>>> print(open('target.pdb').read())   # PDB, C-alpha atoms, pLDDT in the B column
ATOM      1  CA  MET A 218       0.000   0.000   0.000  1.00 45.00           C
ATOM      2  CA  ASP A 219       1.264   3.426  -0.908  1.00 47.00           C
ATOM      3  CA  GLN A 220       2.329   5.203   2.266  1.00 46.00           C
ATOM      4  CA  PHE A 221       2.568   8.872   3.085  1.00 45.00           C
ATOM      5  CA  GLU A 222       6.310   9.441   2.865  1.00 46.00           C
ATOM      6  CA  ASN A 223       8.651  12.165   4.065  1.00 45.00           C
ATOM      7  CA  VAL A 224       5.954  14.701   4.862  1.00 46.00           C
ATOM      8  CA  PRO A 225       6.562  16.764   8.016  1.00 46.00           C
ATOM      9  CA  VAL A 226       3.633  17.596  10.217  1.00 46.00           C
ATOM     10  CA  THR A 227       4.685  21.185  10.816  1.00 47.00           C
ATOM     11  CA  PRO A 228       4.458  24.030   8.340  1.00 45.00           C
ATOM     12  CA  SER A 229       7.649  25.181   6.655  1.00 49.00           C
ATOM     13  CA  SER A 230       6.540  28.800   6.498  1.00 48.00           C
ATOM     14  CA  SER A 231       5.258  31.314   9.019  1.00 48.00           C
ATOM     15  CA  GLN A 232       3.246  33.097   6.362  1.00 51.00           C
ATOM     16  CA  PRO A 233      -0.298  33.766   7.613  1.00 47.00           C
ATOM     17  CA  SER A 234      -2.944  31.561   6.019  1.00 44.00           C
ATOM     18  CA  GLY A 235      -6.052  33.149   7.479  1.00 45.00           C
ATOM     19  CA  PRO A 236      -8.185  35.895   5.930  1.00 44.00           C
ATOM     20  CA  ALA A 237      -5.194  38.242   5.677  1.00 45.00           C
ATOM     21  CA  GLY A 238      -3.198  35.675   3.725  1.00 72.00           C
ATOM     22  CA  TRP A 239      -5.919  34.390   1.419  1.00 85.00           C
ATOM     23  CA  LEU A 240      -4.190  35.185  -1.874  1.00 87.00           C
ATOM     24  CA  PRO A 241      -0.829  33.533  -1.033  1.00 89.00           C
ATOM     25  CA  VAL A 242      -2.689  30.455   0.222  1.00 91.00           C
ATOM     26  CA  TRP A 243      -4.792  30.170  -2.941  1.00 91.00           C
ATOM     27  CA  ILE A 244      -1.789  30.675  -5.209  1.00 91.00           C
ATOM     28  CA  LYS A 245       0.212  28.091  -3.318  1.00 91.00           C
ATOM     29  CA  ALA A 246      -2.644  25.569  -3.345  1.00 91.00           C
ATOM     30  CA  VAL A 247      -3.230  25.727  -7.102  1.00 92.00           C
ATOM     31  CA  THR A 248       0.330  26.232  -8.339  1.00 91.00           C
ATOM     32  CA  GLN A 249       2.218  23.758  -6.123  1.00 90.00           C
ATOM     33  CA  PRO A 250       0.402  20.418  -6.594  1.00 89.00           C
ATOM     34  CA  LYS A 251       2.217  18.339  -4.002  1.00 90.00           C
ATOM     35  CA  GLU A 252       1.435  16.918  -0.583  1.00 91.00           C
ATOM     36  CA  GLN A 253       3.812  19.188   1.305  1.00 91.00           C
ATOM     37  CA  THR A 254       1.821  22.176   0.042  1.00 91.00           C
ATOM     38  CA  PHE A 255      -1.325  21.070   1.832  1.00 93.00           C
ATOM     39  CA  VAL A 256       0.569  20.024   4.945  1.00 91.00           C
ATOM     40  CA  ASP A 257       1.988  23.540   5.185  1.00 90.00           C
ATOM     41  CA  ILE A 258      -1.425  25.088   4.588  1.00 91.00           C
ATOM     42  CA  THR A 259      -3.482  22.983   6.978  1.00 89.00           C
ATOM     43  CA  GLU A 260      -0.980  22.860   9.861  1.00 87.00           C
ATOM     44  CA  HIS A 261      -0.993  26.638  10.223  1.00 85.00           C
ATOM     45  CA  PRO A 262      -2.953  27.959  13.262  1.00 84.00           C
ATOM     46  CA  ASP A 263      -5.023  30.202  10.986  1.00 83.00           C
ATOM     47  CA  ALA A 264      -6.363  27.229   9.005  1.00 85.00           C
ATOM     48  CA  LEU A 265      -9.904  27.328  10.403  1.00 89.00           C
ATOM     49  CA  PRO A 266     -13.250  26.118   8.979  1.00 91.00           C
ATOM     50  CA  LYS A 267     -14.831  29.555   9.446  1.00 92.00           C
ATOM     51  CA  THR A 268     -12.237  31.020   7.097  1.00 92.00           C
ATOM     52  CA  ALA A 269     -13.047  28.352   4.504  1.00 92.00           C
ATOM     53  CA  TYR A 270     -16.774  29.063   4.825  1.00 94.00           C
ATOM     54  CA  LEU A 271     -16.158  32.799   4.426  1.00 93.00           C
ATOM     55  CA  TRP A 272     -14.116  32.188   1.279  1.00 93.00           C
ATOM     56  CA  VAL A 273     -16.818  30.001  -0.242  1.00 93.00           C
ATOM     57  CA  PHE A 274     -19.594  32.460   0.641  1.00 93.00           C
ATOM     58  CA  LEU A 275     -17.804  35.489  -0.789  1.00 92.00           C
ATOM     59  CA  ALA A 276     -16.640  33.625  -3.894  1.00 90.00           C
ATOM     60  CA  THR A 277     -20.111  32.302  -4.694  1.00 89.00           C
ATOM     61  CA  THR A 278     -21.747  35.661  -4.048  1.00 89.00           C
ATOM     62  CA  LEU A 279     -19.253  37.428  -6.272  1.00 88.00           C
ATOM     63  CA  SER A 280     -19.457  34.705  -8.926  1.00 84.00           C
ATOM     64  CA  THR A 281     -23.244  34.973  -9.055  1.00 83.00           C
ATOM     65  CA  ILE A 282     -23.079  38.742  -9.566  1.00 83.00           C
ATOM     66  CA  VAL A 283     -20.247  38.707 -12.117  1.00 81.00           C
ATOM     67  CA  THR A 284     -21.692  35.822 -14.120  1.00 76.00           C
ATOM     68  CA  GLY A 285     -25.080  37.525 -14.225  1.00 75.00           C
ATOM     69  CA  LEU A 286     -23.541  40.826 -15.326  1.00 78.00           C
ATOM     70  CA  ILE A 287     -21.542  39.156 -18.090  1.00 72.00           C
ATOM     71  CA  GLN A 288     -24.640  37.371 -19.348  1.00 71.00           C
ATOM     72  CA  MET A 289     -26.537  40.666 -19.329  1.00 70.00           C
ATOM     73  CA  VAL A 290     -23.782  42.318 -21.354  1.00 69.00           C
ATOM     74  CA  LEU A 291     -23.848  39.467 -23.865  1.00 64.00           C
ATOM     75  CA  VAL A 292     -27.611  39.778 -24.231  1.00 64.00           C
ATOM     76  CA  ALA A 293     -27.395  43.539 -24.679  1.00 63.00           C
ATOM     77  CA  ALA A 294     -24.631  43.064 -27.257  1.00 63.00           C
ATOM     78  CA  GLY A 295     -26.831  40.829 -29.360  1.00 58.00           C
ATOM     79  CA  VAL A 296     -25.402  37.424 -28.377  1.00 54.00           C
ATOM     80  CA  GLY A 297     -27.907  34.625 -27.899  1.00 50.00           C
ATOM     81  CA  GLY A 298     -30.756  35.899 -30.004  1.00 48.00           C
ATOM     82  CA  GLN A 299     -30.987  39.634 -29.178  1.00 45.00           C
ATOM     83  CA  SER A 300     -30.300  41.730 -32.247  1.00 44.00           C
ATOM     84  CA  SER A 301     -30.564  45.224 -30.738  1.00 45.00           C
ATOM     85  CA  PHE A 302     -30.811  47.188 -27.511  1.00 45.00           C
ATOM     86  CA  GLU A 303     -34.470  47.951 -28.124  1.00 45.00           C
ATOM     87  CA  GLY A 304     -36.640  46.876 -25.210  1.00 45.00           C
ATOM     88  CA  VAL A 305     -33.681  45.405 -23.349  1.00 47.00           C
ATOM     89  CA  GLY A 306     -33.027  48.233 -20.876  1.00 49.00           C
ATOM     90  CA  SER A 307     -35.905  47.594 -18.494  1.00 47.00           C
ATOM     91  CA  VAL A 308     -35.322  43.866 -18.567  1.00 47.00           C
ATOM     92  CA  LEU A 309     -31.634  44.287 -17.749  1.00 53.00           C
ATOM     93  CA  GLY A 310     -32.422  46.671 -14.901  1.00 52.00           C
ATOM     94  CA  GLY A 311     -34.801  44.198 -13.310  1.00 54.00           C
ATOM     95  CA  SER A 312     -32.363  41.358 -13.860  1.00 66.00           C
ATOM     96  CA  LEU A 313     -29.549  43.283 -12.169  1.00 68.00           C
ATOM     97  CA  ILE A 314     -31.639  43.886  -9.056  1.00 76.00           C
ATOM     98  CA  SER A 315     -32.663  40.233  -8.961  1.00 75.00           C
ATOM     99  CA  ILE A 316     -29.052  39.088  -9.310  1.00 77.00           C
ATOM    100  CA  ILE A 317     -27.806  41.332  -6.495  1.00 77.00           C
ATOM    101  CA  CYS A 318     -30.625  40.260  -4.174  1.00 80.00           C
ATOM    102  CA  ALA A 319     -30.219  36.549  -4.941  1.00 80.00           C
ATOM    103  CA  SER A 320     -26.419  36.396  -4.712  1.00 81.00           C
ATOM    104  CA  PRO A 321     -26.158  36.215  -0.864  1.00 85.00           C
ATOM    105  CA  PHE A 322     -28.675  33.356  -0.784  1.00 88.00           C
ATOM    106  CA  ALA A 323     -26.633  31.554  -3.432  1.00 86.00           C
ATOM    107  CA  GLY A 324     -23.580  32.063  -1.219  1.00 87.00           C
ATOM    108  CA  LEU A 325     -25.291  30.581   1.850  1.00 91.00           C
ATOM    109  CA  ILE A 326     -26.574  27.567  -0.070  1.00 91.00           C
ATOM    110  CA  SER A 327     -23.116  27.038  -1.545  1.00 90.00           C
ATOM    111  CA  VAL A 328     -21.537  27.031   1.922  1.00 92.00           C
ATOM    112  CA  LEU A 329     -24.084  24.471   3.125  1.00 93.00           C
ATOM    113  CA  PHE A 330     -23.465  22.066   0.252  1.00 91.00           C
ATOM    114  CA  PHE A 331     -19.718  22.648   0.389  1.00 92.00           C
ATOM    115  CA  ALA A 332     -19.574  21.773   4.090  1.00 92.00           C
ATOM    116  CA  LEU A 333     -21.742  18.704   3.542  1.00 91.00           C
ATOM    117  CA  GLY A 334     -19.631  17.529   0.603  1.00 90.00           C
ATOM    118  CA  VAL A 335     -16.353  17.832   2.507  1.00 92.00           C
ATOM    119  CA  ALA A 336     -17.900  16.088   5.534  1.00 93.00           C
ATOM    120  CA  ILE A 337     -18.871  13.126   3.352  1.00 92.00           C
ATOM    121  CA  MET A 338     -15.416  13.124   1.779  1.00 92.00           C
ATOM    122  CA  GLN A 339     -13.699  13.026   5.183  1.00 92.00           C
ATOM    123  CA  TRP A 340     -16.106  10.347   6.428  1.00 93.00           C
ATOM    124  CA  VAL A 341     -15.156   8.127   3.487  1.00 92.00           C
ATOM    125  CA  ALA A 342     -11.480   8.881   4.156  1.00 92.00           C
ATOM    126  CA  LYS A 343     -11.950   7.688   7.737  1.00 92.00           C
ATOM    127  CA  LEU A 344     -13.426   4.446   6.416  1.00 92.00           C
ATOM    128  CA  PHE A 345     -10.267   3.986   4.353  1.00 91.00           C
ATOM    129  CA  GLY A 346      -8.099   4.476   7.444  1.00 91.00           C
ATOM    130  CA  GLY A 347      -7.423   8.195   7.169  1.00 88.00           C
ATOM    131  CA  THR A 348      -6.098  10.033  10.219  1.00 90.00           C
ATOM    132  CA  GLY A 349      -7.023  13.582   9.221  1.00 87.00           C
ATOM    133  CA  THR A 350      -9.740  15.893  10.500  1.00 91.00           C
ATOM    134  CA  TYR A 351     -12.644  17.691   8.893  1.00 93.00           C
ATOM    135  CA  ASP A 352     -11.321  21.094  10.006  1.00 92.00           C
ATOM    136  CA  LYS A 353      -8.079  20.651   8.071  1.00 92.00           C
ATOM    137  CA  LEU A 354      -9.668  19.110   5.005  1.00 93.00           C
ATOM    138  CA  VAL A 355     -12.377  21.760   4.633  1.00 94.00           C
ATOM    139  CA  TYR A 356      -9.711  24.472   4.675  1.00 95.00           C
ATOM    140  CA  ALA A 357      -7.556  22.663   2.110  1.00 93.00           C
ATOM    141  CA  ILE A 358     -10.482  21.991  -0.237  1.00 94.00           C
ATOM    142  CA  ALA A 359     -11.629  25.620   0.040  1.00 93.00           C
ATOM    143  CA  ALA A 360      -8.134  26.805  -0.890  1.00 93.00           C
ATOM    144  CA  ILE A 361      -8.542  24.779  -4.099  1.00 94.00           C
ATOM    145  CA  SER A 362     -12.199  25.206  -5.015  1.00 92.00           C
ATOM    146  CA  VAL A 363     -12.511  28.949  -4.391  1.00 92.00           C
ATOM    147  CA  PRO A 364      -9.824  30.163  -6.843  1.00 92.00           C
ATOM    148  CA  VAL A 365     -10.974  27.558  -9.377  1.00 90.00           C
ATOM    149  CA  SER A 366     -14.564  28.800  -9.094  1.00 88.00           C
ATOM    150  CA  LEU A 367     -13.435  32.402  -9.521  1.00 86.00           C
ATOM    151  CA  VAL A 368     -11.677  31.484 -12.757  1.00 86.00           C
ATOM    152  CA  SER A 369     -14.652  29.424 -13.926  1.00 82.00           C
ATOM    153  CA  MET A 370     -17.075  32.305 -13.433  1.00 78.00           C
ATOM    154  CA  PHE A 371     -15.446  34.138 -16.344  1.00 76.00           C
ATOM    155  CA  LEU A 372     -15.641  31.070 -18.589  1.00 76.00           C
ATOM    156  CA  ALA A 373     -19.233  29.950 -17.969  1.00 69.00           C
ATOM    157  CA  PRO A 374     -21.114  32.905 -19.542  1.00 66.00           C
ATOM    158  CA  PHE A 375     -19.235  32.508 -22.841  1.00 68.00           C
ATOM    159  CA  SER A 376     -20.554  28.983 -23.321  1.00 69.00           C
ATOM    160  CA  ALA A 377     -23.440  30.570 -25.234  1.00 65.00           C
ATOM    161  CA  VAL A 378     -21.091  32.189 -27.781  1.00 68.00           C
ATOM    162  CA  PRO A 379     -20.698  30.098 -30.965  1.00 71.00           C
ATOM    163  CA  TYR A 380     -17.210  28.672 -31.535  1.00 73.00           C
ATOM    164  CA  LEU A 381     -15.925  30.361 -28.383  1.00 74.00           C
ATOM    165  CA  ASN A 382     -17.879  27.808 -26.348  1.00 74.00           C
ATOM    166  CA  ILE A 383     -15.593  25.064 -27.678  1.00 79.00           C
ATOM    167  CA  CYS A 384     -12.533  26.766 -26.213  1.00 81.00           C
ATOM    168  CA  THR A 385     -14.217  27.561 -22.911  1.00 78.00           C
ATOM    169  CA  GLY A 386     -15.546  24.005 -22.703  1.00 79.00           C
ATOM    170  CA  LEU A 387     -12.062  22.528 -23.138  1.00 84.00           C
ATOM    171  CA  LEU A 388     -10.591  24.984 -20.650  1.00 86.00           C
ATOM    172  CA  GLY A 389     -13.373  24.195 -18.175  1.00 82.00           C
ATOM    173  CA  LEU A 390     -12.798  20.458 -18.541  1.00 87.00           C
ATOM    174  CA  GLY A 391      -9.062  20.822 -18.010  1.00 88.00           C
ATOM    175  CA  LEU A 392      -9.634  23.049 -14.984  1.00 89.00           C
ATOM    176  CA  THR A 393     -12.066  20.548 -13.488  1.00 89.00           C
ATOM    177  CA  LEU A 394      -9.672  17.621 -13.930  1.00 92.00           C
ATOM    178  CA  TYR A 395      -6.827  19.620 -12.403  1.00 93.00           C
ATOM    179  CA  ALA A 396      -9.016  20.611  -9.443  1.00 92.00           C
ATOM    180  CA  ILE A 397      -9.908  16.942  -8.866  1.00 93.00           C
ATOM    181  CA  PHE A 398      -6.210  16.041  -8.846  1.00 94.00           C
ATOM    182  CA  LEU A 399      -5.504  18.808  -6.335  1.00 94.00           C
ATOM    183  CA  GLU A 400      -8.345  17.604  -4.104  1.00 93.00           C
ATOM    184  CA  ILE A 401      -7.016  14.038  -4.178  1.00 94.00           C
ATOM    185  CA  THR A 402      -3.572  15.367  -3.259  1.00 94.00           C
ATOM    186  CA  ALA A 403      -5.061  17.400  -0.406  1.00 94.00           C
ATOM    187  CA  VAL A 404      -7.002  14.420   0.951  1.00 94.00           C
ATOM    188  CA  LYS A 405      -3.852  12.288   0.822  1.00 93.00           C
ATOM    189  CA  ALA A 406      -1.828  14.939   2.636  1.00 93.00           C
ATOM    190  CA  VAL A 407      -4.409  15.530   5.357  1.00 93.00           C
ATOM    191  CA  ASN A 408      -5.206  11.851   6.000  1.00 93.00           C
ATOM    192  CA  ARG A 409      -1.711  10.347   5.624  1.00 91.00           C
ATOM    193  CA  PHE A 410      -2.607   7.407   3.406  1.00 91.00           C
ATOM    194  CA  GLY A 411      -2.109   6.197  -0.171  1.00 91.00           C
ATOM    195  CA  TRP A 412      -3.198   7.539  -3.544  1.00 92.00           C
ATOM    196  CA  GLY A 413      -5.827   4.840  -3.970  1.00 91.00           C
ATOM    197  CA  GLN A 414      -7.572   5.709  -0.719  1.00 91.00           C
ATOM    198  CA  ALA A 415      -7.341   9.419  -1.501  1.00 91.00           C
ATOM    199  CA  ALA A 416      -8.850   8.974  -4.960  1.00 91.00           C
ATOM    200  CA  GLY A 417     -11.619   6.809  -3.514  1.00 91.00           C
ATOM    201  CA  SER A 418     -12.395   9.422  -0.855  1.00 89.00           C
ATOM    202  CA  VAL A 419     -12.861  12.116  -3.517  1.00 91.00           C
ATOM    203  CA  LEU A 420     -14.505  10.132  -6.314  1.00 90.00           C
ATOM    204  CA  LEU A 421     -16.638   7.598  -4.447  1.00 87.00           C
ATOM    205  CA  PRO A 422     -19.033  10.187  -2.932  1.00 82.00           C
ATOM    206  CA  VAL A 423     -19.492  11.738  -6.387  1.00 80.00           C
ATOM    207  CA  VAL A 424     -20.339   8.363  -7.905  1.00 79.00           C
ATOM    208  CA  VAL A 425     -22.719   7.445  -5.084  1.00 76.00           C
ATOM    209  CA  ILE A 426     -24.485  10.822  -5.094  1.00 73.00           C
ATOM    210  CA  GLY A 427     -24.751  10.708  -8.885  1.00 72.00           C
ATOM    211  CA  PHE A 428     -26.198   7.197  -8.737  1.00 71.00           C
ATOM    212  CA  VAL A 429     -28.746   8.183  -6.089  1.00 71.00           C
ATOM    213  CA  CYS A 430     -29.781  11.300  -8.013  1.00 70.00           C
ATOM    214  CA  GLY A 431     -30.081   9.237 -11.182  1.00 71.00           C
ATOM    215  CA  CYS A 432     -32.303   6.713  -9.418  1.00 77.00           C
ATOM    216  CA  ILE A 433     -34.480   9.519  -8.062  1.00 75.00           C
ATOM    217  CA  VAL A 434     -34.855  11.050 -11.532  1.00 68.00           C
ATOM    218  CA  ILE A 435     -35.619   7.693 -13.158  1.00 76.00           C
ATOM    219  CA  GLY A 436     -38.079   6.802 -10.394  1.00 68.00           C
ATOM    220  CA  GLY A 437     -39.784  10.159 -10.748  1.00 62.00           C
ATOM    221  CA  LEU A 438     -40.103   9.722 -14.500  1.00 62.00           C
ATOM    222  CA  MET A 439     -41.548   6.235 -14.026  1.00 69.00           C
ATOM    223  CA  VAL A 440     -44.117   7.537 -11.560  1.00 65.00           C
ATOM    224  CA  MET A 441     -44.980  10.627 -13.593  1.00 62.00           C
ATOM    225  CA  GLY A 442     -44.756   8.881 -16.962  1.00 55.00           C
ATOM    226  CA  PRO A 443     -48.456   7.942 -17.240  1.00 64.00           C
ATOM    227  CA  VAL A 444     -49.529  11.425 -16.123  1.00 53.00           C
ATOM    228  CA  ILE A 445     -47.237  13.111 -18.650  1.00 53.00           C
ATOM    229  CA  GLY A 446     -48.475  10.704 -21.348  1.00 55.00           C
ATOM    230  CA  ASN A 447     -52.096  11.593 -20.614  1.00 59.00           C
ATOM    231  CA  VAL A 448     -51.328  15.301 -20.806  1.00 50.00           C
ATOM    232  CA  PHE A 449     -49.668  14.971 -24.200  1.00 49.00           C
ATOM    233  CA  SER A 450     -52.497  12.736 -25.395  1.00 59.00           C
ATOM    234  CA  GLU A 451     -55.081  15.359 -24.432  1.00 56.00           C
ATOM    235  CA  ILE A 452     -53.054  18.078 -26.155  1.00 53.00           C
ATOM    236  CA  ASN A 453     -52.809  15.960 -29.296  1.00 54.00           C
ATOM    237  CA  GLN A 454     -56.535  15.294 -29.305  1.00 57.00           C
ATOM    238  CA  SER A 455     -57.250  18.990 -28.845  1.00 54.00           C
ATOM    239  CA  LEU A 456     -55.049  19.872 -31.792  1.00 48.00           C
ATOM    240  CA  GLN A 457     -56.711  17.267 -33.991  1.00 54.00           C
ATOM    241  CA  SER A 458     -60.171  18.597 -33.147  1.00 57.00           C
ATOM    242  CA  VAL A 459     -59.278  22.099 -34.285  1.00 49.00           C
ATOM    243  CA  PRO A 460     -60.702  22.654 -37.812  1.00 54.00           C
TER
END
>>> encode(input="target.pdb", output="structure tokens")
Amino acid sequence: MDQFENVPVTPSSSQPSGPAGWLPVWIKAVTQPKEQTFVDITEHPDALPKTAYLWVFLATTLSTIVTGLIQMVLVAAGVGGQSSFEGVGSVLGGSLISIICASPFAGLISVLFFALGVAIMQWVAKLFGGTGTYDKLVYAIAAISVPVSLVSMFLAPFSAVPYLNICTGLLGLGLTLYAIFLEITAVKAVNRFGWGQAAGSVLLPVVVIGFVCGCIVIGGLMVMGPVIGNVFSEINQSLQSVP
């Protein structure tokens, strides 16, 4: 079994990793993909869950606003079906207010699901013999996911632009795969076990959750299938009766 080798349990730098040191921590997490990176990050006294939650909340709130603004600009510029600015002003004004009001709620929901996802990840890691803690892992994962999400927010709105969406799609896929690798590395560093256990801790919850959601969707379609069929049948009959 692959063992956690030659990784000290004390940070090699006294650089602050709390709110005041957010940018150095993010840069280090995404540009130095090795176990020692996440040992240094998570062993610092400032590596607290509340800091991770704050990062996720602010990043999601900002991402919601920026993504909405970019989409509004694209619509106003004629991308996605709009050919002029005529009649767009009032719609954009209302959309802007809605985006600003909804963004904090999006941030809170994101924090909730983020915390739940990391908790499941650490629970699986414990089953595989991991020795880490949730507090350290949630900080490490936030240091990865937050900068990645901030980069992604500039890519997502352009998926509606012809031809450009191919480039953004490839960039998004590469970014996602790299983020997964960083998360596996972080889990391995925090829990002191092998690559196989780390990969299982990250990927297994995704597979299980995806399977459960798929079963729920399929079950819902099976239950609602006859009802939906009757609705379409009535619509078809109505159309046929129209002279």
>>> closest_residue(input="target.pdb", among="A:Val242, A:Ala396, A:Ile358, A:Met370", to="A:Asp257", atoms="all atoms listed in the file")
A:Val242
>>> closest_residue(input="target.pdb", among="A:Ile401, A:Cys432, A:Leu367, A:Met338", to="A:Val273", atoms="all atoms listed in the file")
A:Leu367
>>> residues_around(input="target.pdb", residues="A:Thr402", least_positions_apart="5", cutoff="9 Å", atoms="only C-alpha atoms", output="ChimeraX atom specification")
/A:250-252,255,397,407,412,415-416
>>> write_last_selection(input="target.pdb", atoms="C-alpha atoms", output="PDB file, in the frame of the given file")
ATOM      1  CA  PRO A 250       0.402  20.418  -6.594  1.00 89.00           C
ATOM      2  CA  LYS A 251       2.217  18.339  -4.002  1.00 90.00           C
ATOM      3  CA  GLU A 252       1.435  16.918  -0.583  1.00 91.00           C
ATOM      4  CA  PHE A 255      -1.325  21.070   1.832  1.00 93.00           C
ATOM      5  CA  ILE A 397      -9.908  16.942  -8.866  1.00 93.00           C
ATOM      6  CA  VAL A 407      -4.409  15.530   5.357  1.00 93.00           C
ATOM      7  CA  TRP A 412      -3.198   7.539  -3.544  1.00 92.00           C
ATOM      8  CA  ALA A 415      -7.341   9.419  -1.501  1.00 91.00           C
ATOM      9  CA  ALA A 416      -8.850   8.974  -4.960  1.00 91.00           C
TER      10      ALA A 416
END
>>> closest_residue(input="target.pdb", among="A:Ala276, A:Ala323, A:Ile435, A:Ile361", to="A:Val404", atoms="all atoms listed in the file")
A:Ile361
>>> resolve_selection(input="target.pdb", expression="the PyMOL selection byres ((chain A and resi 264) around 9)", output="VMD selection string")
chain A and resid 234 to 235 258 to 263 265 to 269 352 to 353 356 to 357
>>> write_last_selection(input="target.pdb", atoms="C-alpha atoms", output="PDB file, in the coordinates of the input")
ATOM      1  CA  SER A 234      -2.944  31.561   6.019  1.00 44.00           C
ATOM      2  CA  GLY A 235      -6.052  33.149   7.479  1.00 45.00           C
ATOM      3  CA  ILE A 258      -1.425  25.088   4.588  1.00 91.00           C
ATOM      4  CA  THR A 259      -3.482  22.983   6.978  1.00 89.00           C
ATOM      5  CA  GLU A 260      -0.980  22.860   9.861  1.00 87.00           C
ATOM      6  CA  HIS A 261      -0.993  26.638  10.223  1.00 85.00           C
ATOM      7  CA  PRO A 262      -2.953  27.959  13.262  1.00 84.00           C
ATOM      8  CA  ASP A 263      -5.023  30.202  10.986  1.00 83.00           C
ATOM      9  CA  LEU A 265      -9.904  27.328  10.403  1.00 89.00           C
ATOM     10  CA  PRO A 266     -13.250  26.118   8.979  1.00 91.00           C
ATOM     11  CA  LYS A 267     -14.831  29.555   9.446  1.00 92.00           C
ATOM     12  CA  THR A 268     -12.237  31.020   7.097  1.00 92.00           C
ATOM     13  CA  ALA A 269     -13.047  28.352   4.504  1.00 92.00           C
ATOM     14  CA  ASP A 352     -11.321  21.094  10.006  1.00 92.00           C
ATOM     15  CA  LYS A 353      -8.079  20.651   8.071  1.00 92.00           C
ATOM     16  CA  TYR A 356      -9.711  24.472   4.675  1.00 95.00           C
ATOM     17  CA  ALA A 357      -7.556  22.663   2.110  1.00 93.00           C
TER      18      ALA A 357
END
>>> atom_distance(input="target.pdb", atom1="atom CA of A:Leu387", atom2="atom CA of A:Pro364")
18.1 Å
>>> atom_distance(input="target.pdb", atom1="atom CA of A:Thr348", atom2="atom CA of A:Val424")
23.1 Å
>>> atom_distance(input="target.pdb", atom1="atom CA of A:Val247", atom2="atom CA of A:Leu388")
15.4 Å
>>> closest_residue(input="target.pdb", among="A:Gly349, A:Gly334, A:Gly391, A:Gly386", to="A:Leu420", atoms="only C-alpha atoms")
A:Gly334
>>> closest_residue(input="target.pdb", among="A:Gly238, A:Thr284, A:Tyr270, A:Val341", to="A:Val423", atoms="all atoms listed in the file")
A:Val341
>>> residues_near_point(input="target.pdb", point="(-15.9, 15.7, 11.2)", cutoff="10 Å", atoms="all atoms listed in the file", output="list in words")
Val335, Ala336, Ile337, Met338, Gln339, Trp340, Lys343, Gly349, Thr350, Tyr351, Asp352, Lys353, Leu354 and Val355 of chain A
>>> write_last_selection(input="target.pdb", atoms="C-alpha atoms", output="compact mmCIF listing (two decimals), in the frame of the given file")
# COMPACT_ATOMS: atom_id res chain seq x y z
CA VAL A 335 -16.35 17.83 2.51
CA ALA A 336 -17.90 16.09 5.53
CA ILE A 337 -18.87 13.13 3.35
CA MET A 338 -15.42 13.12 1.78
CA GLN A 339 -13.70 13.03 5.18
CA TRP A 340 -16.11 10.35 6.43
CA LYS A 343 -11.95 7.69 7.74
CA GLY A 349 -7.02 13.58 9.22
CA THR A 350 -9.74 15.89 10.50
CA TYR A 351 -12.64 17.69 8.89
CA ASP A 352 -11.32 21.09 10.01
CA LYS A 353 -8.08 20.65 8.07
CA LEU A 354 -9.67 19.11 5.00
CA VAL A 355 -12.38 21.76 4.63
>>> closest_residue(input="target.pdb", among="A:Trp239, A:Phe398, A:Phe345, A:Trp272", to="A:Gly411", atoms="all atoms listed in the file")
A:Phe345
>>> decode(input="target.pdb", residues="stretch 262-272 of chain A", atoms="N, CA and C atoms", output="compact mmCIF listing (two decimals), in the first residue's frame")
# COMPACT_ATOMS: atom_id res chain seq x y z
N PRO A 262 -1.89 27.65 12.29
CA PRO A 262 -2.95 27.96 13.26
C PRO A 262 -4.14 28.71 12.67
N ASP A 263 -3.93 29.44 11.59
CA ASP A 263 -5.02 30.20 10.99
C ASP A 263 -5.91 29.37 10.07
N ALA A 264 -5.58 28.10 9.89
CA ALA A 264 -6.36 27.23 9.00
C ALA A 264 -7.62 26.77 9.73
N LEU A 265 -8.67 27.58 9.67
CA LEU A 265 -9.90 27.33 10.40
C LEU A 265 -11.08 27.13 9.45
N PRO A 266 -12.06 26.32 9.83
CA PRO A 266 -13.25 26.12 8.98
C PRO A 266 -13.99 27.41 8.68
N LYS A 267 -14.07 28.33 9.67
CA LYS A 267 -14.83 29.56 9.45
C LYS A 267 -14.22 30.39 8.33
N THR A 268 -12.89 30.32 8.20
CA THR A 268 -12.24 31.02 7.10
C THR A 268 -12.62 30.39 5.76
N ALA A 269 -12.65 29.06 5.73
CA ALA A 269 -13.05 28.35 4.50
C ALA A 269 -14.48 28.70 4.12
N TYR A 270 -15.37 28.73 5.10
CA TYR A 270 -16.77 29.06 4.83
C TYR A 270 -16.90 30.49 4.29
N LEU A 271 -16.12 31.41 4.88
CA LEU A 271 -16.16 32.80 4.43
C LEU A 271 -15.68 32.91 2.98
N TRP A 272 -14.62 32.18 2.66
CA TRP A 272 -14.12 32.19 1.28
C TRP A 272 -15.19 31.71 0.31
